[in-house]
>>> print(open('model.cif').read())   # mmCIF, C-alpha atoms
data_coords
#
loop_
_atom_site.label_atom_id
_atom_site.label_comp_id
_atom_site.auth_asym_id
_atom_site.auth_seq_id
_atom_site.Cartn_x
_atom_site.Cartn_y
_atom_site.Cartn_z
CA MET E 763 18.28 -19.92 6.37
CA ASP E 764 14.73 -20.35 5.06
CA LYS E 765 13.48 -17.18 6.80
CA LEU E 766 16.12 -15.09 5.01
CA LYS E 767 15.20 -16.64 1.67
CA SER E 768 11.54 -15.61 2.24
CA ILE E 769 12.47 -12.07 3.27
CA TYR E 770 14.85 -11.72 0.29
CA ALA E 771 12.20 -13.00 -2.15
CA SER E 772 9.45 -10.84 -0.65
CA ALA E 773 11.59 -7.66 -0.62
CA TYR E 774 12.57 -7.93 -4.29
CA SER E 775 9.03 -8.98 -5.28
CA ALA E 776 7.59 -5.97 -3.45
CA ALA E 777 10.13 -3.67 -5.17
CA ILE E 778 9.21 -5.12 -8.58
CA THR E 779 5.48 -4.74 -7.79
CA ILE E 780 5.96 -1.08 -6.83
CA ALA E 781 7.96 -0.42 -10.01
CA VAL E 782 5.27 -2.11 -12.15
CA VAL E 783 2.40 -0.25 -10.42
CA THR E 784 4.22 3.08 -10.85
CA ALA E 785 5.00 2.44 -14.52
CA VAL E 786 1.47 1.20 -15.33
CA THR E 787 -0.12 4.14 -13.46
CA VAL E 788 1.92 6.77 -15.31
CA GLY E 789 1.60 4.87 -18.61
CA ALA E 790 -2.19 4.66 -18.31
CA GLU E 791 -2.49 8.40 -17.70
CA LEU E 792 -0.30 9.20 -20.71
CA SER E 793 -2.06 6.75 -23.02
CA PRO E 794 -5.89 6.70 -22.99
CA ALA E 795 -5.79 3.57 -25.18
CA PHE E 796 -3.70 1.73 -22.57
CA LYS E 797 -6.06 2.89 -19.79
CA ALA E 798 -9.06 1.65 -21.80
CA TRP E 799 -7.27 -1.67 -22.36
CA LEU E 800 -6.72 -2.01 -18.58
CA THR E 801 -10.38 -1.12 -17.94
CA GLY E 802 -11.45 -3.84 -20.38
CA PHE E 803 -10.24 -6.63 -18.07
CA THR E 804 -12.36 -5.87 -15.00
CA GLY E 805 -14.54 -2.88 -15.88
CA HIS E 806 -12.32 -0.47 -13.89
CA HIS E 807 -8.66 0.41 -14.48
CA TRP E 808 -7.90 0.53 -10.74
CA VAL E 809 -9.36 -2.94 -10.13
CA THR E 810 -7.17 -4.29 -12.94
CA LYS E 811 -4.12 -2.58 -11.40
CA SER E 812 -5.03 -4.08 -8.01
CA TRP E 813 -5.16 -7.61 -9.45
CA LEU E 814 -1.99 -6.91 -11.42
CA SER E 815 -0.14 -5.87 -8.24
CA LEU E 816 -1.20 -9.10 -6.52
CA ILE E 817 -0.28 -11.28 -9.51
CA VAL E 818 3.13 -9.62 -9.99
CA PHE E 819 3.95 -9.91 -6.27
CA ILE E 820 2.92 -13.57 -5.97
CA LEU E 821 4.56 -14.63 -9.27
CA SER E 822 7.82 -12.80 -8.49
CA TYR E 823 7.89 -14.27 -4.99
CA GLY E 824 7.43 -17.77 -6.40
CA ILE E 825 10.18 -17.24 -9.00
CA PHE E 826 12.64 -15.85 -6.40
CA ARG E 827 11.86 -18.73 -4.03
CA ILE E 828 12.34 -21.39 -6.72
CA THR E 829 15.43 -19.94 -8.41
CA ASN E 830 17.33 -18.84 -5.27
CA LYS E 831 18.82 -21.65 -3.21
CA SER E 832 19.59 -19.37 -0.29
CA ALA E 833 20.13 -15.74 0.64
CA THR E 834 22.92 -14.37 2.82
CA ASP E 835 22.42 -11.62 5.39
CA ILE E 836 24.26 -9.17 3.10
CA GLU E 837 22.01 -10.04 0.14
CA THR E 838 18.92 -9.68 2.34
CA ARG E 839 20.04 -6.26 3.65
CA LYS E 840 20.60 -5.16 0.04
CA ALA E 841 17.12 -6.41 -0.93
CA LEU E 842 15.56 -4.40 1.93
CA PHE E 843 17.48 -1.29 0.86
CA VAL E 844 16.24 -1.73 -2.72
CA LEU E 845 12.66 -2.05 -1.44
CA GLU E 846 12.95 1.04 0.80
CA THR E 847 14.39 3.11 -2.04
CA THR E 848 11.80 1.89 -4.55
CA ALA E 849 8.90 2.59 -2.17
CA ILE E 850 10.04 6.16 -1.45
CA ALA E 851 10.84 6.83 -5.12
CA GLY E 852 7.49 5.34 -6.25
CA PHE E 853 5.61 7.53 -3.76
CA PHE E 854 7.20 10.73 -5.07
CA VAL E 855 6.98 9.71 -8.74
CA ILE E 856 3.22 9.07 -8.52
CA LEU E 857 2.46 12.10 -6.34
CA GLY E 858 4.75 14.34 -8.43
CA PHE E 859 3.22 13.05 -11.66
CA TYR E 860 -0.34 13.89 -10.60
CA VAL E 861 0.72 17.34 -9.31
CA TYR E 862 2.45 18.00 -12.66
CA GLU E 863 -0.57 16.74 -14.64
CA PHE E 864 -2.96 18.95 -12.65
CA LEU E 865 -0.82 22.07 -12.99
CA LYS E 866 -0.25 21.42 -16.70
CA HIS E 867 -3.99 21.55 -17.52
CA MET N 677 -32.84 -4.22 6.49
CA ASP N 678 -30.45 -7.18 6.17
CA ILE N 679 -26.82 -7.25 7.30
CA VAL N 680 -25.44 -7.01 3.74
CA SER N 681 -27.43 -3.82 3.11
CA ILE N 682 -26.13 -2.33 6.36
CA LEU N 683 -22.50 -3.26 5.64
CA THR N 684 -22.63 -1.92 2.07
CA ALA N 685 -24.26 1.38 3.05
CA LYS N 686 -22.01 4.34 2.16
CA PRO N 687 -21.33 5.68 5.71
CA VAL N 688 -20.66 2.17 7.04
CA LEU N 689 -18.20 1.44 4.22
CA ILE N 690 -16.36 4.70 4.89
CA GLY N 691 -16.29 3.90 8.61
CA LEU N 692 -14.96 0.37 8.04
CA HIS N 693 -12.37 1.62 5.52
CA LEU N 694 -11.14 4.27 7.96
CA GLY N 695 -11.37 1.94 10.98
CA PHE N 696 -9.27 -0.82 9.40
CA ALA N 697 -6.77 1.76 8.12
CA ILE N 698 -6.35 3.24 11.63
CA LEU N 699 -5.96 -0.25 13.08
CA ALA N 700 -3.32 -1.09 10.46
CA ILE N 701 -1.32 2.12 11.07
CA ASP N 702 -1.54 1.67 14.85
CA ALA N 703 -0.36 -1.95 14.55
CA PHE N 704 2.69 -0.94 12.50
CA LEU N 705 3.48 1.88 14.97
CA TRP N 706 3.19 -0.71 17.77
CA LEU N 707 5.58 -2.96 15.82
CA LEU N 708 7.96 -0.04 15.38
CA GLY N 709 8.00 0.46 19.17
CA GLU N 710 8.59 -3.25 19.76
CA VAL N 711 11.59 -3.33 17.41
CA ILE N 712 13.10 -0.07 18.67
CA ALA N 713 12.69 -1.29 22.28
CA ASP N 714 14.46 -4.52 21.25
CA ALA N 715 11.72 -6.71 22.75
CA GLY N 716 13.04 -10.27 22.96
CA SER N 717 10.01 -12.32 21.97
CA PRO N 718 8.91 -12.30 18.33
CA ARG N 719 5.35 -13.14 19.46
CA ARG N 720 4.23 -9.53 19.99
CA ARG N 721 6.04 -8.41 16.82
CA LEU N 722 4.29 -11.15 14.85
CA ALA N 723 0.90 -10.21 16.34
CA ALA N 724 1.44 -6.53 15.47
CA ALA N 725 2.62 -7.32 11.92
CA ALA N 726 -0.26 -9.78 11.36
CA ILE N 727 -2.92 -7.35 12.67
CA GLY N 728 -1.41 -4.56 10.55
CA SER N 729 -1.20 -6.63 7.37
CA ILE N 730 -4.71 -8.11 7.70
CA SER N 731 -6.17 -4.67 8.47
CA PHE N 732 -4.50 -3.18 5.39
CA ILE N 733 -5.99 -5.99 3.26
CA LEU N 734 -9.47 -5.37 4.76
CA THR N 735 -9.25 -1.60 4.24
CA TRP N 736 -8.18 -2.30 0.62
CA ILE N 737 -11.23 -4.51 -0.05
CA VAL N 738 -13.75 -2.22 1.70
CA GLY N 739 -12.24 1.00 0.33
CA GLY N 740 -11.95 -0.51 -3.15
CA TYR N 741 -15.61 -1.51 -3.16
CA TYR N 742 -16.65 1.97 -1.99
CA TYR N 743 -14.36 3.65 -4.53
CA VAL N 744 -15.66 1.68 -7.52
CA THR N 745 -19.34 1.58 -6.49
CA PHE N 746 -19.94 4.99 -4.92
CA TYR N 747 -16.96 7.35 -5.15
CA GLY N 748 -16.66 7.31 -8.96
CA PRO N 749 -20.30 7.94 -9.85
CA LEU N 750 -21.36 10.07 -6.82
CA VAL N 751 -18.45 11.84 -5.10
CA LYS N 752 -15.91 12.42 -7.88
CA PRO N 753 -18.24 14.66 -9.97
CA VAL N 754 -19.03 16.80 -6.89
CA ILE N 755 -15.32 17.33 -6.10
CA LYS N 756 -14.41 18.02 -9.73
CA ALA N 757 -17.17 20.63 -10.00
CA GLY N 758 -16.31 22.24 -6.65
CA ASN N 759 -13.64 24.76 -5.66
CA ALA N 760 -10.97 22.11 -4.93
CA PRO N 761 -10.87 19.84 -8.01
CA TRP N 762 -7.21 19.13 -7.24
CA ALA N 763 -8.41 17.03 -4.29
CA HIS N 764 -9.49 14.39 -6.80
CA ALA N 765 -6.90 15.05 -9.50
CA ILE N 766 -3.95 14.87 -7.08
CA ALA N 767 -4.94 13.40 -3.69
CA MET N 768 -7.38 10.71 -4.85
CA GLU N 769 -5.39 9.67 -7.91
CA ALA N 770 -2.17 9.42 -5.86
CA LYS N 771 -3.91 7.69 -2.92
CA GLU N 772 -5.57 4.93 -4.92
CA HIS N 773 -2.31 4.01 -6.66
CA ILE N 774 0.21 4.47 -3.84
CA PHE N 775 -2.01 2.24 -1.70
CA LEU N 776 -1.07 -0.67 -3.98
CA PHE N 777 2.51 -0.46 -2.58
CA VAL N 778 1.37 -1.16 0.96
CA ILE N 779 0.39 -4.86 0.96
CA PRO N 780 3.67 -6.20 -0.56
CA ILE N 781 5.69 -4.06 1.90
CA ALA N 782 3.51 -5.19 4.83
CA VAL N 783 4.03 -8.85 3.86
CA THR N 784 7.81 -8.28 3.81
CA VAL N 785 7.64 -6.64 7.25
CA PHE N 786 5.61 -9.61 8.52
CA LEU N 787 8.28 -12.03 7.27
CA LEU N 788 11.00 -9.92 8.96
CA ALA N 789 9.01 -9.87 12.19
CA ARG N 790 9.38 -13.66 12.44
CA LEU N 791 13.05 -13.20 13.38
CA ASN N 792 13.78 -12.92 17.10
CA ALA N 793 15.77 -10.03 18.58
CA ASN N 794 19.08 -11.97 18.49
CA GLU N 795 18.60 -12.98 14.84
CA LEU N 796 17.70 -9.40 13.87
CA GLN N 797 20.83 -8.14 15.61
CA SER N 798 23.28 -10.81 14.41
CA LEU N 799 22.05 -10.70 10.80
CA GLY N 800 22.12 -6.89 10.78
CA LEU N 801 18.43 -6.66 9.82
CA ARG N 802 17.11 -4.70 12.81
CA LYS N 803 17.64 -1.29 11.20
CA GLY N 804 16.10 -2.54 7.96
CA LEU N 805 13.01 -3.70 9.85
CA ILE N 806 12.79 -0.34 11.66
CA ARG N 807 13.07 1.62 8.39
CA LEU N 808 10.59 -0.58 6.52
CA THR N 809 8.07 -0.51 9.38
CA ALA N 810 8.38 3.28 9.56
CA ILE N 811 7.84 3.48 5.78
CA THR N 812 4.70 1.29 6.09
CA ALA N 813 3.23 3.41 8.89
CA GLY N 814 4.32 6.60 7.08
CA LEU N 815 2.63 5.50 3.85
CA GLY N 816 -0.53 4.71 5.84
CA LEU N 817 -0.49 8.12 7.53
CA SER N 818 0.10 9.96 4.24
CA LEU N 819 -2.79 8.04 2.62
CA GLY N 820 -4.92 9.00 5.64
CA LEU N 821 -4.05 12.65 5.08
CA MET N 822 -5.04 12.35 1.41
CA GLY N 823 -8.31 10.70 2.50
CA PHE N 824 -9.01 13.66 4.81
CA ILE N 825 -8.37 16.12 1.96
CA ILE N 826 -10.75 14.18 -0.33
CA SER N 827 -13.51 14.03 2.33
CA ALA N 828 -13.09 17.72 3.15
CA ALA N 829 -13.31 18.64 -0.55
CA ALA N 830 -16.50 16.60 -0.94
CA ARG N 831 -18.08 18.13 2.17
CA TRP N 832 -17.01 21.76 1.86
CA GLY N 833 -15.78 22.11 -1.72
CA THR N 834 -19.11 23.43 -2.98
CA ILE N 835 -19.81 25.95 -0.20
#
>>> encode(input="model.cif", output="structure tokens")
Amino acid sequence: MDKLKSIYASAYSAAITIAVVTAVTVGAELSPAFKAWLTGFTGHHWVTKSWLSLIVFILSYGIFRITNKSATDIETRKALFVLETTAIAGFFVILGFYVYEFLKH
Amino acid sequence: MDIVSILTAKPVLIGLHLGFAILAIDAFLWLLGEVIADAGSPRRRLAAAAIGSISFILTWIVGGYYYVTFYGPLVKPVIKAGNAPWAHAIAMEAKEHIFLFVIPIAVTVFLLARLNANELQSLGLRKGLIRLTAITAGLGLSLGLMGFIISAAARWGTI
């Protein structure tokens, strides 16, 4: 079913995007050189991360759509579970990281 | 004063950012009600998911413009020098990055909302749609709370 294939591709792409945003956010805070490198693309690190999130999501979606012939209901449920878990984990990793960073200084 | 000057004025940008965010959260809460109530037609679900997703995109653009143009140079130094610097260091830093989760999740919810009630039930995706819609609305509400903390720190953090 084409609708399932879209949902499956979007769920995994969203999970990958969240993982990338979380990793890049923490990485940029830990490495000023990396943050400066991100800033160099657009003039602001957050604008670069915004574009990066869009690019990662669209590219991943395209790759999942092209490489996957179909997705079953079980595979789609699993993809949604992965997305839910990643979103909740990403939320607490980012929030927890900034709380830790503030308390550390 | 031309329309561009009015729309890019600081209070108007804040109002639009907040307005679109409220609309987006309300739309996803509406969608949540539709799915929990097992409404048969996907038309209302699609409308709610589309309004929510588009509103999140608009609040991203407006809020992003305000953040880069005004917040960084004008508001951030006031908060950091005030009695609640954590409002920037924790709430703003977390808010601006966690927001980037929302659009990909909202798009996935929109794609799920295209399924009718029978398809959602027979494919076992109804609970997944409920959980993901609740996460979307919950993320929106938590970002709203962080926004309130940031505004309060800017207004009252120096008094």
>>> atom_distance(input="model.cif", atom1="atom CA of Leu814 of chain E", atom2="atom CA of His773 of chain N")
11.9 Å
>>> interface_residues(input="model.cif", of="chain E", to="chain N", cutoff="6 Å", atoms="only C-alpha atoms", output="PyMOL selection string")
chain E and resi 769+772-773+776+780+835+857+860-861
>>> resolve_selection(input="model.cif", expression="the PyMOL selection byres ((chain N and resi 725) around 9)", output="list in words")
Ala700, Ala703, Phe704, Trp706, Leu707, Arg720, Arg721, Leu722, Ala723, Ala724, Ala726, Ile727, Gly728, Ser729, Ile730, Ala782, Val783, Val785, Phe786, Leu787 and Ala789 of chain N
>>> atom_distance(input="model.cif", atom1="atom CA of Ile733 of chain N", atom2="atom CA of Trp808 of chain E")
15.6 Å
>>> atom_distance(input="model.cif", atom1="atom CA of Ile828 of chain E", atom2="atom CA of Val844 of chain E")
20.4 Å
>>> residues_around(input="model.cif", residues="Pro753 of chain N", least_positions_apart="2", cutoff="12 Å", atoms="all atoms listed in the file", output="ChimeraX atom specification")
/N:746-751,755-761,763-765,829-830,833-834
>>> residues_near_point(input="model.cif", point="(3.2, 8.0, -17.0)", cutoff="12 Å", atoms="all atoms listed in the file", output="ChimeraX atom specification")
/E:781-794,796-797,852,855-860,862-863
>>> residues_near_point(input="model.cif", point="(4.5, -8.1, -7.2)", cutoff="8 Å", atoms="only C-alpha atoms", output="number ranges by chain")
E: 775-780, 782, 814-823; N: 780
>>> resolve_selection(input="model.cif", expression="the PyMOL selection byres ((chain N and resi 694) around 12)", output="PyMOL selection string")
chain N and resi 687-693+695-701+731-732+734-739+742+816-817+819-821+823-824+827
>>> resolve_selection(input="model.cif", expression="the PyMOL selection byres ((chain N and resi 793) around 7)", output="PyMOL selection string")
chain N and resi 714-716+791-792+794-797
>>> build_atoms(input="model.cif", residues="segment 742-772 of chain N", atoms="N, CA and C atoms", output="PDB file, keeping the file's coordinate frame")
ATOM      1  N   TYR N 742     -16.040   0.641  -2.098  1.00  0.00           N
ATOM      2  CA  TYR N 742     -16.650   1.970  -1.990  1.00  0.00           C
ATOM      3  C   TYR N 742     -16.209   2.857  -3.165  1.00  0.00           C
ATOM      4  N   TYR N 743     -14.922   2.808  -3.477  1.00  0.00           N
ATOM      5  CA  TYR N 743     -14.360   3.650  -4.530  1.00  0.00           C
ATOM      6  C   TYR N 743     -15.015   3.359  -5.886  1.00  0.00           C
ATOM      7  N   VAL N 744     -15.121   2.068  -6.208  1.00  0.00           N
ATOM      8  CA  VAL N 744     -15.660   1.680  -7.520  1.00  0.00           C
ATOM      9  C   VAL N 744     -17.178   1.888  -7.573  1.00  0.00           C
ATOM     10  N   THR N 745     -17.877   1.546  -6.471  1.00  0.00           N
ATOM     11  CA  THR N 745     -19.340   1.580  -6.490  1.00  0.00           C
ATOM     12  C   THR N 745     -19.913   2.977  -6.265  1.00  0.00           C
ATOM     13  N   PHE N 746     -19.329   3.717  -5.309  1.00  0.00           N
ATOM     14  CA  PHE N 746     -19.940   4.990  -4.920  1.00  0.00           C
ATOM     15  C   PHE N 746     -19.093   6.230  -5.256  1.00  0.00           C
ATOM     16  N   TYR N 747     -17.780   6.145  -4.980  1.00  0.00           N
ATOM     17  CA  TYR N 747     -16.960   7.350  -5.150  1.00  0.00           C
ATOM     18  C   TYR N 747     -16.993   7.847  -6.606  1.00  0.00           C
ATOM     19  N   GLY N 748     -16.728   6.942  -7.544  1.00  0.00           N
ATOM     20  CA  GLY N 748     -16.660   7.310  -8.960  1.00  0.00           C
ATOM     21  C   GLY N 748     -17.917   7.989  -9.463  1.00  0.00           C
ATOM     22  N   PRO N 749     -19.083   7.331  -9.311  1.00  0.00           N
ATOM     23  CA  PRO N 749     -20.300   7.940  -9.850  1.00  0.00           C
ATOM     24  C   PRO N 749     -20.877   9.080  -9.010  1.00  0.00           C
ATOM     25  N   LEU N 750     -20.673   9.089  -7.672  1.00  0.00           N
ATOM     26  CA  LEU N 750     -21.360  10.070  -6.820  1.00  0.00           C
ATOM     27  C   LEU N 750     -20.468  11.193  -6.290  1.00  0.00           C
ATOM     28  N   VAL N 751     -19.278  10.849  -5.798  1.00  0.00           N
ATOM     29  CA  VAL N 751     -18.450  11.840  -5.100  1.00  0.00           C
ATOM     30  C   VAL N 751     -17.507  12.582  -6.058  1.00  0.00           C
ATOM     31  N   LYS N 752     -16.887  11.819  -6.953  1.00  0.00           N
ATOM     32  CA  LYS N 752     -15.910  12.420  -7.880  1.00  0.00           C
ATOM     33  C   LYS N 752     -16.481  13.610  -8.668  1.00  0.00           C
ATOM     34  N   PRO N 753     -17.706  13.501  -9.239  1.00  0.00           N
ATOM     35  CA  PRO N 753     -18.240  14.660  -9.970  1.00  0.00           C
ATOM     36  C   PRO N 753     -18.442  15.882  -9.086  1.00  0.00           C
ATOM     37  N   VAL N 754     -18.812  15.669  -7.814  1.00  0.00           N
ATOM     38  CA  VAL N 754     -19.030  16.800  -6.890  1.00  0.00           C
ATOM     39  C   VAL N 754     -17.707  17.510  -6.634  1.00  0.00           C
ATOM     40  N   ILE N 755     -16.640  16.718  -6.379  1.00  0.00           N
ATOM     41  CA  ILE N 755     -15.320  17.330  -6.100  1.00  0.00           C
ATOM     42  C   ILE N 755     -14.803  18.056  -7.342  1.00  0.00           C
ATOM     43  N   LYS N 756     -14.945  17.424  -8.499  1.00  0.00           N
ATOM     44  CA  LYS N 756     -14.410  18.020  -9.730  1.00  0.00           C
ATOM     45  C   LYS N 756     -15.130  19.327 -10.093  1.00  0.00           C
ATOM     46  N   ALA N 757     -16.408  19.421  -9.698  1.00  0.00           N
ATOM     47  CA  ALA N 757     -17.170  20.630 -10.000  1.00  0.00           C
ATOM     48  C   ALA N 757     -17.031  21.688  -8.903  1.00  0.00           C
ATOM     49  N   GLY N 758     -16.422  21.318  -7.783  1.00  0.00           N
ATOM     50  CA  GLY N 758     -16.310  22.240  -6.650  1.00  0.00           C
ATOM     51  C   GLY N 758     -15.104  23.155  -6.767  1.00  0.00           C
ATOM     52  N   ASN N 759     -14.763  23.807  -5.610  1.00  0.00           N
ATOM     53  CA  ASN N 759     -13.640  24.760  -5.660  1.00  0.00           C
ATOM     54  C   ASN N 759     -12.292  24.121  -5.317  1.00  0.00           C
ATOM     55  N   ALA N 760     -12.254  22.790  -5.169  1.00  0.00           N
ATOM     56  CA  ALA N 760     -10.970  22.110  -4.930  1.00  0.00           C
ATOM     57  C   ALA N 760     -10.867  20.848  -5.804  1.00  0.00           C
ATOM     58  N   PRO N 761     -10.929  21.018  -7.132  1.00  0.00           N
ATOM     59  CA  PRO N 761     -10.870  19.840  -8.010  1.00  0.00           C
ATOM     60  C   PRO N 761      -9.547  19.078  -7.894  1.00  0.00           C
ATOM     61  N   TRP N 762      -8.515  19.781  -7.413  1.00  0.00           N
ATOM     62  CA  TRP N 762      -7.210  19.130  -7.240  1.00  0.00           C
ATOM     63  C   TRP N 762      -7.282  18.011  -6.195  1.00  0.00           C
ATOM     64  N   ALA N 763      -8.283  18.071  -5.310  1.00  0.00           N
ATOM     65  CA  ALA N 763      -8.410  17.030  -4.290  1.00  0.00           C
ATOM     66  C   ALA N 763      -8.611  15.661  -4.951  1.00  0.00           C
ATOM     67  N   HIS N 764      -9.361  15.639  -6.049  1.00  0.00           N
ATOM     68  CA  HIS N 764      -9.490  14.390  -6.800  1.00  0.00           C
ATOM     69  C   HIS N 764      -8.271  14.167  -7.688  1.00  0.00           C
ATOM     70  N   ALA N 765      -7.941  15.199  -8.471  1.00  0.00           N
ATOM     71  CA  ALA N 765      -6.900  15.050  -9.500  1.00  0.00           C
ATOM     72  C   ALA N 765      -5.533  14.698  -8.896  1.00  0.00           C
ATOM     73  N   ILE N 766      -5.248  15.175  -7.703  1.00  0.00           N
ATOM     74  CA  ILE N 766      -3.950  14.870  -7.080  1.00  0.00           C
ATOM     75  C   ILE N 766      -4.112  13.861  -5.937  1.00  0.00           C
ATOM     76  N   ALA N 767      -4.882  14.246  -4.899  1.00  0.00           N
ATOM     77  CA  ALA N 767      -4.940  13.400  -3.690  1.00  0.00           C
ATOM     78  C   ALA N 767      -5.564  12.027  -3.956  1.00  0.00           C
ATOM     79  N   MET N 768      -6.724  12.001  -4.631  1.00  0.00           N
ATOM     80  CA  MET N 768      -7.380  10.710  -4.850  1.00  0.00           C
ATOM     81  C   MET N 768      -6.599   9.828  -5.819  1.00  0.00           C
ATOM     82  N   GLU N 769      -6.135  10.457  -6.909  1.00  0.00           N
ATOM     83  CA  GLU N 769      -5.390   9.670  -7.910  1.00  0.00           C
ATOM     84  C   GLU N 769      -4.113   9.084  -7.281  1.00  0.00           C
ATOM     85  N   ALA N 770      -3.400   9.910  -6.505  1.00  0.00           N
ATOM     86  CA  ALA N 770      -2.170   9.420  -5.860  1.00  0.00           C
ATOM     87  C   ALA N 770      -2.506   8.360  -4.815  1.00  0.00           C
ATOM     88  N   LYS N 771      -3.546   8.613  -4.019  1.00  0.00           N
ATOM     89  CA  LYS N 771      -3.910   7.690  -2.920  1.00  0.00           C
ATOM     90  C   LYS N 771      -4.254   6.301  -3.437  1.00  0.00           C
ATOM     91  N   GLU N 772      -5.110   6.238  -4.457  1.00  0.00           N
ATOM     92  CA  GLU N 772      -5.570   4.930  -4.920  1.00  0.00           C
ATOM     93  C   GLU N 772      -4.427   4.097  -5.502  1.00  0.00           C
TER      94      GLU N 772
END
